[in-house]
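Novice: File coords26.cif follows (mmCIF, C-alpha atoms):
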```
data_my_file
loop_
_atom_site.label_atom_id
_atom_site.label_comp_id
_atom_site.auth_asym_id
_atom_site.auth_seq_id
_atom_site.Cartn_x
_atom_site.Cartn_y
_atom_site.Cartn_z
CA MET A 1 0.00 0.00 0.00
CA THR A 2 1.45 3.36 -1.03
CA LEU A 3 -0.61 5.75 1.12
CA ALA A 4 1.10 7.22 4.18
CA HIS A 5 -0.59 8.08 7.50
CA PRO A 6 -3.80 6.31 6.42
CA SER A 7 -7.30 6.39 7.83
CA VAL A 8 -9.39 3.27 7.21
CA GLN A 9 -13.19 3.10 7.11
CA PRO A 10 -15.75 0.45 6.10
CA LEU A 11 -18.00 0.79 3.06
CA PRO A 12 -21.07 -1.19 1.95
CA ASP A 13 -20.67 -4.64 0.39
CA GLY A 14 -17.48 -5.45 2.27
CA ARG A 15 -15.44 -2.72 0.65
CA VAL A 16 -12.84 -0.64 2.50
CA LEU A 17 -11.85 3.02 2.09
CA VAL A 18 -8.22 3.99 2.77
CA VAL A 19 -7.27 7.69 2.79
CA GLY A 20 -3.78 9.17 3.15
CA ALA A 21 -3.48 12.34 5.23
CA ARG A 22 -1.22 14.22 2.82
CA CYS A 23 -1.76 15.09 -0.83
CA ARG A 24 0.45 17.18 -3.12
CA TRP A 25 -0.96 19.38 -5.88
CA ARG A 26 0.82 18.99 -9.24
CA LYS A 27 0.34 20.65 -12.62
CA ASP A 28 -0.36 17.29 -14.21
CA GLY A 29 -2.88 16.39 -11.51
CA PRO A 30 -2.88 16.09 -7.72
CA ASP A 31 -2.04 12.94 -5.82
CA ARG A 32 -4.88 10.47 -5.54
CA ASN A 33 -4.86 9.86 -1.82
CA ALA A 34 -8.07 7.83 -1.51
CA MET A 35 -8.49 4.21 -2.53
CA ILE A 36 -11.48 1.90 -2.35
CA TYR A 37 -10.60 -1.77 -1.99
CA GLY A 38 -13.09 -4.49 -2.83
CA SER A 39 -13.74 -7.40 -0.51
CA ASP A 40 -11.17 -9.36 -2.52
CA GLY A 41 -8.46 -6.77 -1.79
CA ARG A 42 -8.32 -5.31 -5.28
CA ILE A 43 -8.41 -1.55 -5.88
CA GLU A 44 -11.81 -0.57 -7.30
CA ALA A 45 -11.45 3.23 -7.35
CA GLN A 46 -8.98 6.02 -6.65
CA ALA A 47 -9.67 9.70 -6.01
CA THR A 48 -8.29 12.92 -4.55
CA LEU A 49 -9.72 14.09 -1.21
CA GLY A 50 -7.20 16.88 -0.62
CA ASP A 51 -4.34 17.54 1.77
CA GLY A 52 -4.25 18.01 5.53
CA ILE A 53 -6.81 15.34 6.42
CA GLU A 54 -7.44 14.92 10.15
CA HIS A 55 -10.64 12.83 10.19
CA VAL A 56 -12.34 10.37 7.83
CA PHE A 57 -15.71 8.79 8.69
CA THR A 58 -18.14 6.86 6.52
CA THR A 59 -21.87 6.23 6.87
CA THR A 60 -23.74 3.00 6.22
CA ALA A 61 -24.89 4.51 2.89
CA GLY A 62 -21.28 4.95 1.78
CA GLU A 63 -21.01 8.71 2.20
CA VAL A 64 -17.62 9.98 3.36
CA TRP A 65 -17.09 12.88 5.79
CA VAL A 66 -13.62 14.44 5.85
CA GLY A 67 -12.33 16.96 8.40
CA TYR A 68 -9.17 18.95 7.66
CA PHE A 69 -6.50 20.47 9.87
CA ASP A 70 -5.16 23.96 9.21
CA GLU A 71 -2.79 23.06 6.37
CA GLY A 72 -5.67 21.41 4.54
CA VAL A 73 -7.79 24.53 5.03
CA TYR A 74 -5.23 27.20 4.12
CA GLY A 75 -2.95 25.26 1.80
CA ASN A 76 0.35 23.37 1.69
CA TYR A 77 2.14 20.98 -0.68
CA GLY A 78 1.26 23.22 -3.62
CA TRP A 79 -2.42 23.74 -2.77
CA GLY A 80 -3.44 27.39 -2.55
CA ASP A 81 -0.41 28.74 -4.40
CA PRO A 82 -1.13 31.51 -6.96
CA ASN A 83 -0.93 29.12 -9.91
CA SER A 84 -2.64 26.12 -8.31
CA ALA A 85 -6.10 25.07 -7.23
CA PRO A 86 -7.57 26.21 -3.90
CA PRO A 87 -7.31 23.61 -1.13
CA MET A 88 -10.05 20.98 -1.36
CA GLY A 89 -10.50 21.28 2.39
CA ASN A 90 -10.72 25.08 2.51
CA THR A 91 -14.06 24.92 4.33
CA GLY A 92 -12.69 22.54 6.97
CA LEU A 93 -15.35 19.84 6.59
CA VAL A 94 -16.56 18.19 3.36
CA ARG A 95 -18.99 15.37 2.62
CA PHE A 96 -18.09 13.21 -0.37
CA SER A 97 -20.51 11.00 -2.27
CA PRO A 98 -20.05 7.21 -2.41
CA GLN A 99 -18.25 7.93 -5.71
CA LEU A 100 -15.81 10.18 -3.78
CA GLU A 101 -17.05 13.39 -5.36
CA PRO A 102 -17.64 16.53 -3.21
CA ALA A 103 -21.33 16.66 -2.29
CA TRP A 104 -21.51 19.26 0.53
CA ARG A 105 -19.16 21.78 2.12
CA PHE A 106 -19.29 23.44 5.50
CA PRO A 107 -20.55 27.02 5.07
CA SER A 108 -18.16 29.96 5.31
CA HIS A 109 -18.31 32.49 8.14
CA THR A 110 -20.49 34.78 6.04
CA ASP A 111 -23.17 32.08 5.82
CA ASN A 112 -22.76 30.63 9.30
CA GLN A 113 -23.08 32.47 12.62
CA TRP A 114 -20.79 29.95 14.32
CA GLY A 115 -17.77 30.94 12.26
CA ALA A 116 -15.50 29.26 9.75
CA ILE A 117 -13.41 26.17 10.51
CA ASP A 118 -9.71 26.98 10.84
CA ASP A 119 -8.83 23.49 12.08
CA CYS A 120 -11.35 20.67 12.45
CA TYR A 121 -10.39 19.34 15.88
CA ALA A 122 -13.23 16.86 16.53
CA VAL A 123 -15.88 15.13 14.40
CA ASN A 124 -18.63 12.65 15.28
CA VAL A 125 -20.53 11.02 12.40
CA THR A 126 -23.74 8.99 12.58
CA ASP A 127 -26.28 8.18 9.88
CA GLU A 128 -28.63 10.86 11.28
CA SER A 129 -26.30 13.79 11.87
CA VAL A 130 -22.72 14.99 12.08
CA TRP A 131 -21.18 16.92 14.97
CA THR A 132 -18.00 18.96 15.07
CA CYS A 133 -16.05 21.16 17.48
CA TYR A 134 -13.39 23.28 15.83
CA TYR A 135 -10.71 25.95 16.16
CA SER A 136 -10.72 28.81 16.84
CA ASP A 137 -13.81 29.44 19.01
CA PHE A 138 -14.70 25.75 19.50
CA PRO A 139 -18.47 25.93 19.10
CA ILE A 140 -20.40 22.67 19.18
CA VAL A 141 -22.04 22.38 15.76
CA GLN A 142 -24.53 19.87 14.38
CA ILE A 143 -25.08 19.25 10.66
CA ARG A 144 -28.39 17.57 9.90
CA ASP A 145 -29.96 17.44 6.43
CA ASP A 146 -27.24 19.88 5.33
CA SER A 147 -28.44 22.49 7.85
CA VAL A 148 -26.17 23.84 10.59
CA ALA A 149 -27.09 24.44 14.24
CA GLY A 150 -24.68 25.39 17.01
CA TRP A 151 -24.06 26.05 20.69
CA ARG A 152 -21.45 28.17 22.46
CA ASN A 153 -18.80 26.27 24.39
CA PRO A 154 -16.32 27.79 26.90
CA PHE A 155 -13.89 24.83 26.74
CA PHE A 156 -11.13 24.94 24.13
CA GLY A 157 -9.05 22.18 22.58
CA ALA A 158 -11.38 19.14 22.63
CA LYS A 159 -10.10 16.39 20.31
CA ALA A 160 -13.17 14.12 20.45
CA LEU A 161 -16.86 14.45 21.27
CA ALA A 162 -19.70 12.07 22.03
CA VAL A 163 -23.40 12.89 21.80
CA SER A 164 -26.47 11.25 23.38
CA GLY A 165 -29.71 13.15 22.85
CA THR A 166 -29.07 16.66 24.16
CA ARG A 167 -26.03 15.57 26.16
CA VAL A 168 -22.53 16.06 24.79
CA GLY A 169 -19.13 15.01 26.09
CA LEU A 170 -15.95 16.86 25.08
CA LEU A 171 -12.66 15.05 25.62
CA GLY A 172 -9.31 16.77 25.66
CA GLY A 173 -7.74 20.18 25.88
CA TYR A 174 -4.40 21.90 25.69
CA GLY A 175 -1.34 20.88 27.69
CA PRO A 176 -2.18 18.87 30.81
CA GLN A 177 -5.90 18.84 29.96
CA GLN A 178 -5.71 16.01 27.41
CA ASP A 179 -7.61 13.75 29.84
CA ARG A 180 -10.34 16.30 30.66
CA LEU A 181 -13.90 15.18 29.89
CA VAL A 182 -16.59 17.83 30.09
CA VAL A 183 -20.23 16.74 29.94
CA GLY A 184 -22.85 19.32 29.11
CA GLU A 185 -26.49 19.80 28.21
CA LEU A 186 -27.31 21.59 24.95
CA ALA A 187 -29.98 24.22 25.54
CA GLY A 188 -30.76 27.45 23.74
CA GLN A 189 -27.52 28.47 22.05
CA ALA A 190 -25.02 27.33 24.68
CA MET A 191 -23.79 24.22 26.47
CA ARG A 192 -24.63 24.03 30.16
CA VAL A 193 -21.95 22.08 32.03
CA VAL A 194 -23.29 19.24 34.18
CA GLY A 195 -20.04 17.40 34.96
CA GLU A 196 -16.28 17.59 34.59
CA TYR A 197 -14.04 14.54 34.91
CA ARG A 198 -10.49 13.29 34.45
CA LEU A 199 -10.35 10.10 32.40
CA VAL A 200 -8.04 7.32 33.55
CA LEU A 201 -7.50 3.77 32.37
CA PRO A 202 -8.72 0.77 34.37
CA GLY A 203 -6.68 0.57 37.56
CA ALA A 204 -6.44 4.40 37.66
CA ALA A 205 -3.47 4.52 35.27
CA PRO A 206 -3.24 7.89 33.46
CA LEU A 207 -4.03 8.18 29.78
CA PRO A 208 -0.85 7.74 27.74
CA PRO A 209 0.32 10.80 25.76
CA GLN A 210 -0.28 9.09 22.40
CA VAL A 211 -3.82 7.82 22.98
CA THR A 212 -6.18 8.10 19.99
CA ALA A 213 -9.65 9.34 20.93
CA ILE A 214 -12.64 8.97 18.59
CA GLY A 215 -16.31 9.75 19.18
CA ARG A 216 -19.04 7.81 17.38
CA GLY A 217 -22.56 8.61 18.49
CA PRO A 218 -22.71 8.35 22.30
CA VAL A 219 -19.48 6.31 22.60
CA LEU A 220 -15.93 7.51 23.10
CA HIS A 221 -13.29 5.10 21.80
CA LEU A 222 -9.79 5.37 23.26
CA ILE A 223 -7.06 3.41 21.51
CA THR A 224 -3.62 2.98 23.06
CA ALA A 225 -0.65 1.05 21.72
CA GLU A 226 -2.06 -2.16 23.21
CA GLN A 227 -5.75 -1.74 24.08
CA TRP A 228 -9.06 -0.42 22.76
CA TYR A 229 -11.38 1.08 25.39
CA ARG A 230 -15.01 2.22 25.10
CA LEU A 231 -16.86 4.69 27.28
CA HIS A 232 -20.59 5.30 26.76
CA LEU A 233 -21.67 8.84 27.59
CA ASP A 234 -24.80 7.57 29.34
CA ASP A 235 -22.63 5.74 31.86
CA LEU A 236 -21.51 9.15 33.13
CA THR A 237 -24.88 10.93 33.02
CA ARG A 238 -27.05 8.24 34.54
CA GLU A 239 -29.12 9.61 37.42
#
```
Translate this structure into structure tokens?

Specialist:
Amino acid sequence: MTLAHPSVQPLPDGRVLVVGARCRWRKDGPDRNAMIYGSDGRIEAQATLGDGIEHVFTTTAGEVWVGYFDEGVYGNYGWGDPNSAPPMGNTGLVRFSPQLEPAWRFPSHTDNQWGAIDDCYAVNVTDESVWTCYYSDFPIVQIRDDSVAGWRNPFFGAKALAVSGTRVGLLGGYGPQQDRLVVGELAGQAMRVVGEYRLVLPGAAPLPPQVTAIGRGPVLHLITAEQWYRLHLDDLTRE
């Protein structure tokens, strides 16, 4: 496999999507950093999803949501130069069709009261809706039927979020706050904090510095070098 720093996601009919994080723009055509493998392991399709990819999530219908970090938004590796194409991820969050063609882009700050995405820190994708929390103001934003709703959030730097009904959990922060988990209730246009925790591993061991945190629906997944842990948001908010 030629793709570096890959993200891997399932697709319908036993197929697999593999996406490389980096993608260089070239005059004769940009790198194709997305590959769909059939259930037999053969490459069925290749496409370009852009540079600076932080998150890749698929739905059961085969749609692909891609979140970009700042270099994917503002340009690098030739993207955004005067004589090149604008970055594919310049809106910070893009939905691609099952054929890996752009189908929806996050609205710019002029069309969205919650502001533009400078760096897509956290994404949570379900078949019903998509959630994100992003730099620089870190609002909590929901995309449902291509419409955007949002809530103010006073906590910066979350790298993963989980959602259960009107409850949301934000994991992470800057510096020593990587293990901070804030649980809040979404009401009006702001999150009301109902709990703040420090996550530890079983046995009270601290989270390792290189833990990978992913939110899918109401579940936070934490992957270390040796283990895969799951934490359901309702386990923390149960009365």

Novice: Once the PyMOL selection byres ((chain A and resi 75-85) around 10) has been evaluated on this model, what residues remain selected, and can you format them as a PyMOL selection string?

Specialist: chain A and resi 22-27+30+50-52+70-74+86-90

Novice: Store the residues of this selection in a file with C-alpha atoms, as a PDB file, keeping the file's coordinate frame.

Specialist:
```
ATOM      1  CA  ARG A  22      -1.220  14.220   2.820  1.00  0.00           C
ATOM      2  CA  CYS A  23      -1.760  15.090  -0.830  1.00  0.00           C
ATOM      3  CA  ARG A  24       0.450  17.180  -3.120  1.00  0.00           C
ATOM      4  CA  TRP A  25      -0.960  19.380  -5.880  1.00  0.00           C
ATOM      5  CA  ARG A  26       0.820  18.990  -9.240  1.00  0.00           C
ATOM      6  CA  LYS A  27       0.340  20.650 -12.620  1.00  0.00           C
ATOM      7  CA  PRO A  30      -2.880  16.090  -7.720  1.00  0.00           C
ATOM      8  CA  GLY A  50      -7.200  16.880  -0.620  1.00  0.00           C
ATOM      9  CA  ASP A  51      -4.340  17.540   1.770  1.00  0.00           C
ATOM     10  CA  GLY A  52      -4.250  18.010   5.530  1.00  0.00           C
ATOM     11  CA  ASP A  70      -5.160  23.960   9.210  1.00  0.00           C
ATOM     12  CA  GLU A  71      -2.790  23.060   6.370  1.00  0.00           C
ATOM     13  CA  GLY A  72      -5.670  21.410   4.540  1.00  0.00           C
ATOM     14  CA  VAL A  73      -7.790  24.530   5.030  1.00  0.00           C
ATOM     15  CA  TYR A  74      -5.230  27.200   4.120  1.00  0.00           C
ATOM     16  CA  PRO A  86      -7.570  26.210  -3.900  1.00  0.00           C
ATOM     17  CA  PRO A  87      -7.310  23.610  -1.130  1.00  0.00           C
ATOM     18  CA  MET A  88     -10.050  20.980  -1.360  1.00  0.00           C
ATOM     19  CA  GLY A  89     -10.500  21.280   2.390  1.00  0.00           C
ATOM     20  CA  ASN A  90     -10.720  25.080   2.510  1.00  0.00           C
TER      21      ASN A  90
END
```

Novice: Could you tell me, as a PyMOL selection string, exactly which residues end up selected when the PyMOL selection byres ((chain A and resi 229) around 12) is applied to this structure?

Specialist: chain A and resi 199-202+207+211-215+219-228+230-232

Novice: Would you write out, as an MDAnalysis selection string, every residue that the PyMOL selection byres ((chain A and resi 133) around 12) captures in this file?

Specialist: chainID A and resid 67 92:93 114:124 130:132 134:143 149:163 168:173 215

Novice: Suppose you want the space between CA of Met35 in chain A and CA of Val19 in chain A; what is it in Å?

Specialist: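 Taking CA of Met35 in chain A as the start and CA of Val19 in chain A as the end point, the length is 6.5 Å.
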
Novice: Just how far from CA of His5 in chain A is CA of His55 in chain A, in Å to one decimal?

Specialist: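 According to the coordinates, CA of His55 in chain A and CA of His5 in chain A are separated by 11.4 Å.
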
Novice: If you take every atom of range 1-17 of chain A that the file lists and fit an axis-aligned box around them with 8 Å extra on each side, what centre and edge lengths come out in Å to one decimal, as lines of an AutoDock Vina configuration file?

Specialist:
```
center_x = -9.8
center_y = 1.3
center_z = 3.4
size_x = 38.5
size_y = 29.5
size_z = 24.9
```

Novice: Between A:Ala190, A:Val94, A:Leu181, A:Leu100, which has the minimum distance to Ala45 in chain A (counting all atoms listed in the file)?

Specialist: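 Nearest to Ala45 in chain A: A:Leu100.
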
Novice: CA of Ala21 in chain A and CA of Thr59 in chain A are how many Å apart?

Specialist: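 Between these atoms lies a distance of 19.4 Å.
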
Novice: Give the answer as one residue: which of A:Gln46, A:Ser97, A:Asn33, A:Gln9 has the shortest atom-to-atom distance to Thr58 in chain A, using only C-alpha atoms?

Specialist: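 Closest residue, counting only C-alpha atoms: A:Gln9.
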
Novice: Within 10 Å of Asp13 in chain A, counting only C-alpha atoms, which residues qualify if same-chain residues fewer than 4 places away don't, as a VMD selection string?

Specialist: chain A and resid 38 to 39 62

Novice: Using only C-alpha atoms, find the one residue out of A:Gly184, A:Pro218, A:Pro98, A:Pro206 that sits nearest to Ser164 in chain A.

Specialist: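 Checking each of A:Gly184, A:Pro218, A:Pro98, A:Pro206 against Ser164 in chain A, counting only C-alpha atoms, the winner is A:Pro218.
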
Novice: Can you list, as a list in words, every protein, DNA or RNA residue that comes within 9 Å of Arg198 in chain A when you count only C-alpha atoms, leaving out same-chain residues fewer than 5 positions away?

Specialist: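 My list of contacting residues is Gln177, Gln178, Asp179, Arg180, Leu181 and Val182 of chain A.
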
Novice: From the options A:Tyr174, A:Trp65, A:Phe57, A:Tyr37, which residue's atoms come nearest to Phe96 in chain A, counting only C-alpha atoms?

Specialist: A:Trp65

Novice: Can you rebuild range 128-152 of chain A with N, CA and C atoms and give it as a PDB file, keeping the file's coordinate frame?

Specialist:
```pdb
ATOM      1  N   GLU A 128     -27.617   9.812  11.136  1.00  0.00           N
ATOM      2  CA  GLU A 128     -28.630  10.860  11.280  1.00  0.00           C
ATOM      3  C   GLU A 128     -28.041  12.259  11.229  1.00  0.00           C
ATOM      4  N   SER A 129     -26.867  12.454  11.807  1.00  0.00           N
ATOM      5  CA  SER A 129     -26.300  13.790  11.870  1.00  0.00           C
ATOM      6  C   SER A 129     -24.803  13.715  12.085  1.00  0.00           C
ATOM      7  N   VAL A 130     -24.164  14.866  11.890  1.00  0.00           N
ATOM      8  CA  VAL A 130     -22.720  14.990  12.080  1.00  0.00           C
ATOM      9  C   VAL A 130     -22.480  16.132  13.058  1.00  0.00           C
ATOM     10  N   TRP A 131     -21.527  15.925  13.965  1.00  0.00           N
ATOM     11  CA  TRP A 131     -21.180  16.920  14.970  1.00  0.00           C
ATOM     12  C   TRP A 131     -19.706  17.282  14.819  1.00  0.00           C
ATOM     13  N   THR A 132     -19.386  18.545  15.097  1.00  0.00           N
ATOM     14  CA  THR A 132     -18.000  18.960  15.070  1.00  0.00           C
ATOM     15  C   THR A 132     -17.750  20.038  16.109  1.00  0.00           C
ATOM     16  N   CYS A 133     -16.505  20.120  16.555  1.00  0.00           N
ATOM     17  CA  CYS A 133     -16.050  21.160  17.480  1.00  0.00           C
ATOM     18  C   CYS A 133     -14.691  21.605  16.940  1.00  0.00           C
ATOM     19  N   TYR A 134     -14.539  22.886  16.640  1.00  0.00           N
ATOM     20  CA  TYR A 134     -13.390  23.280  15.830  1.00  0.00           C
ATOM     21  C   TYR A 134     -12.759  24.591  16.297  1.00  0.00           C
ATOM     22  N   TYR A 135     -11.509  24.742  15.915  1.00  0.00           N
ATOM     23  CA  TYR A 135     -10.710  25.950  16.160  1.00  0.00           C
ATOM     24  C   TYR A 135     -11.185  27.044  15.200  1.00  0.00           C
ATOM     25  N   SER A 136     -11.415  28.333  15.677  1.00  0.00           N
ATOM     26  CA  SER A 136     -10.720  28.810  16.840  1.00  0.00           C
ATOM     27  C   SER A 136     -11.631  29.061  18.046  1.00  0.00           C
ATOM     28  N   ASP A 137     -12.930  29.166  17.864  1.00  0.00           N
ATOM     29  CA  ASP A 137     -13.810  29.440  19.010  1.00  0.00           C
ATOM     30  C   ASP A 137     -14.403  28.188  19.626  1.00  0.00           C
ATOM     31  N   PHE A 138     -14.239  27.044  18.992  1.00  0.00           N
ATOM     32  CA  PHE A 138     -14.700  25.750  19.500  1.00  0.00           C
ATOM     33  C   PHE A 138     -16.198  25.684  19.819  1.00  0.00           C
ATOM     34  N   PRO A 139     -17.041  26.178  18.909  1.00  0.00           N
ATOM     35  CA  PRO A 139     -18.470  25.930  19.100  1.00  0.00           C
ATOM     36  C   PRO A 139     -18.774  24.453  18.906  1.00  0.00           C
ATOM     37  N   ILE A 140     -19.894  24.014  19.451  1.00  0.00           N
ATOM     38  CA  ILE A 140     -20.400  22.670  19.180  1.00  0.00           C
ATOM     39  C   ILE A 140     -21.439  22.819  18.079  1.00  0.00           C
ATOM     40  N   VAL A 141     -21.200  22.175  16.935  1.00  0.00           N
ATOM     41  CA  VAL A 141     -22.040  22.380  15.760  1.00  0.00           C
ATOM     42  C   VAL A 141     -22.591  21.043  15.282  1.00  0.00           C
ATOM     43  N   GLN A 142     -23.870  21.046  14.945  1.00  0.00           N
ATOM     44  CA  GLN A 142     -24.530  19.870  14.380  1.00  0.00           C
ATOM     45  C   GLN A 142     -24.917  20.148  12.940  1.00  0.00           C
ATOM     46  N   ILE A 143     -24.633  19.192  12.048  1.00  0.00           N
ATOM     47  CA  ILE A 143     -25.080  19.250  10.660  1.00  0.00           C
ATOM     48  C   ILE A 143     -26.110  18.135  10.479  1.00  0.00           C
ATOM     49  N   ARG A 144     -27.304  18.531  10.121  1.00  0.00           N
ATOM     50  CA  ARG A 144     -28.390  17.570   9.900  1.00  0.00           C
ATOM     51  C   ARG A 144     -29.162  17.996   8.664  1.00  0.00           C
ATOM     52  N   ASP A 145     -29.297  17.106   7.693  1.00  0.00           N
ATOM     53  CA  ASP A 145     -29.960  17.440   6.430  1.00  0.00           C
ATOM     54  C   ASP A 145     -29.343  18.681   5.806  1.00  0.00           C
ATOM     55  N   ASP A 146     -28.025  18.792   5.911  1.00  0.00           N
ATOM     56  CA  ASP A 146     -27.240  19.880   5.330  1.00  0.00           C
ATOM     57  C   ASP A 146     -27.513  21.236   5.970  1.00  0.00           C
ATOM     58  N   SER A 147     -28.218  21.258   7.106  1.00  0.00           N
ATOM     59  CA  SER A 147     -28.440  22.490   7.850  1.00  0.00           C
ATOM     60  C   SER A 147     -27.561  22.505   9.095  1.00  0.00           C
ATOM     61  N   VAL A 148     -27.122  23.688   9.499  1.00  0.00           N
ATOM     62  CA  VAL A 148     -26.170  23.840  10.590  1.00  0.00           C
ATOM     63  C   VAL A 148     -26.839  24.475  11.797  1.00  0.00           C
ATOM     64  N   ALA A 149     -26.655  23.862  12.963  1.00  0.00           N
ATOM     65  CA  ALA A 149     -27.090  24.440  14.240  1.00  0.00           C
ATOM     66  C   ALA A 149     -25.892  24.417  15.180  1.00  0.00           C
ATOM     67  N   GLY A 150     -25.859  25.327  16.153  1.00  0.00           N
ATOM     68  CA  GLY A 150     -24.680  25.390  17.010  1.00  0.00           C
ATOM     69  C   GLY A 150     -24.981  25.861  18.415  1.00  0.00           C
ATOM     70  N   TRP A 151     -23.980  25.659  19.302  1.00  0.00           N
ATOM     71  CA  TRP A 151     -24.060  26.050  20.690  1.00  0.00           C
ATOM     72  C   TRP A 151     -22.698  26.581  21.138  1.00  0.00           C
ATOM     73  N   ARG A 152     -22.699  27.625  21.924  1.00  0.00           N
ATOM     74  CA  ARG A 152     -21.450  28.170  22.460  1.00  0.00           C
ATOM     75  C   ARG A 152     -20.848  27.202  23.469  1.00  0.00           C
TER      76      ARG A 152
END
```
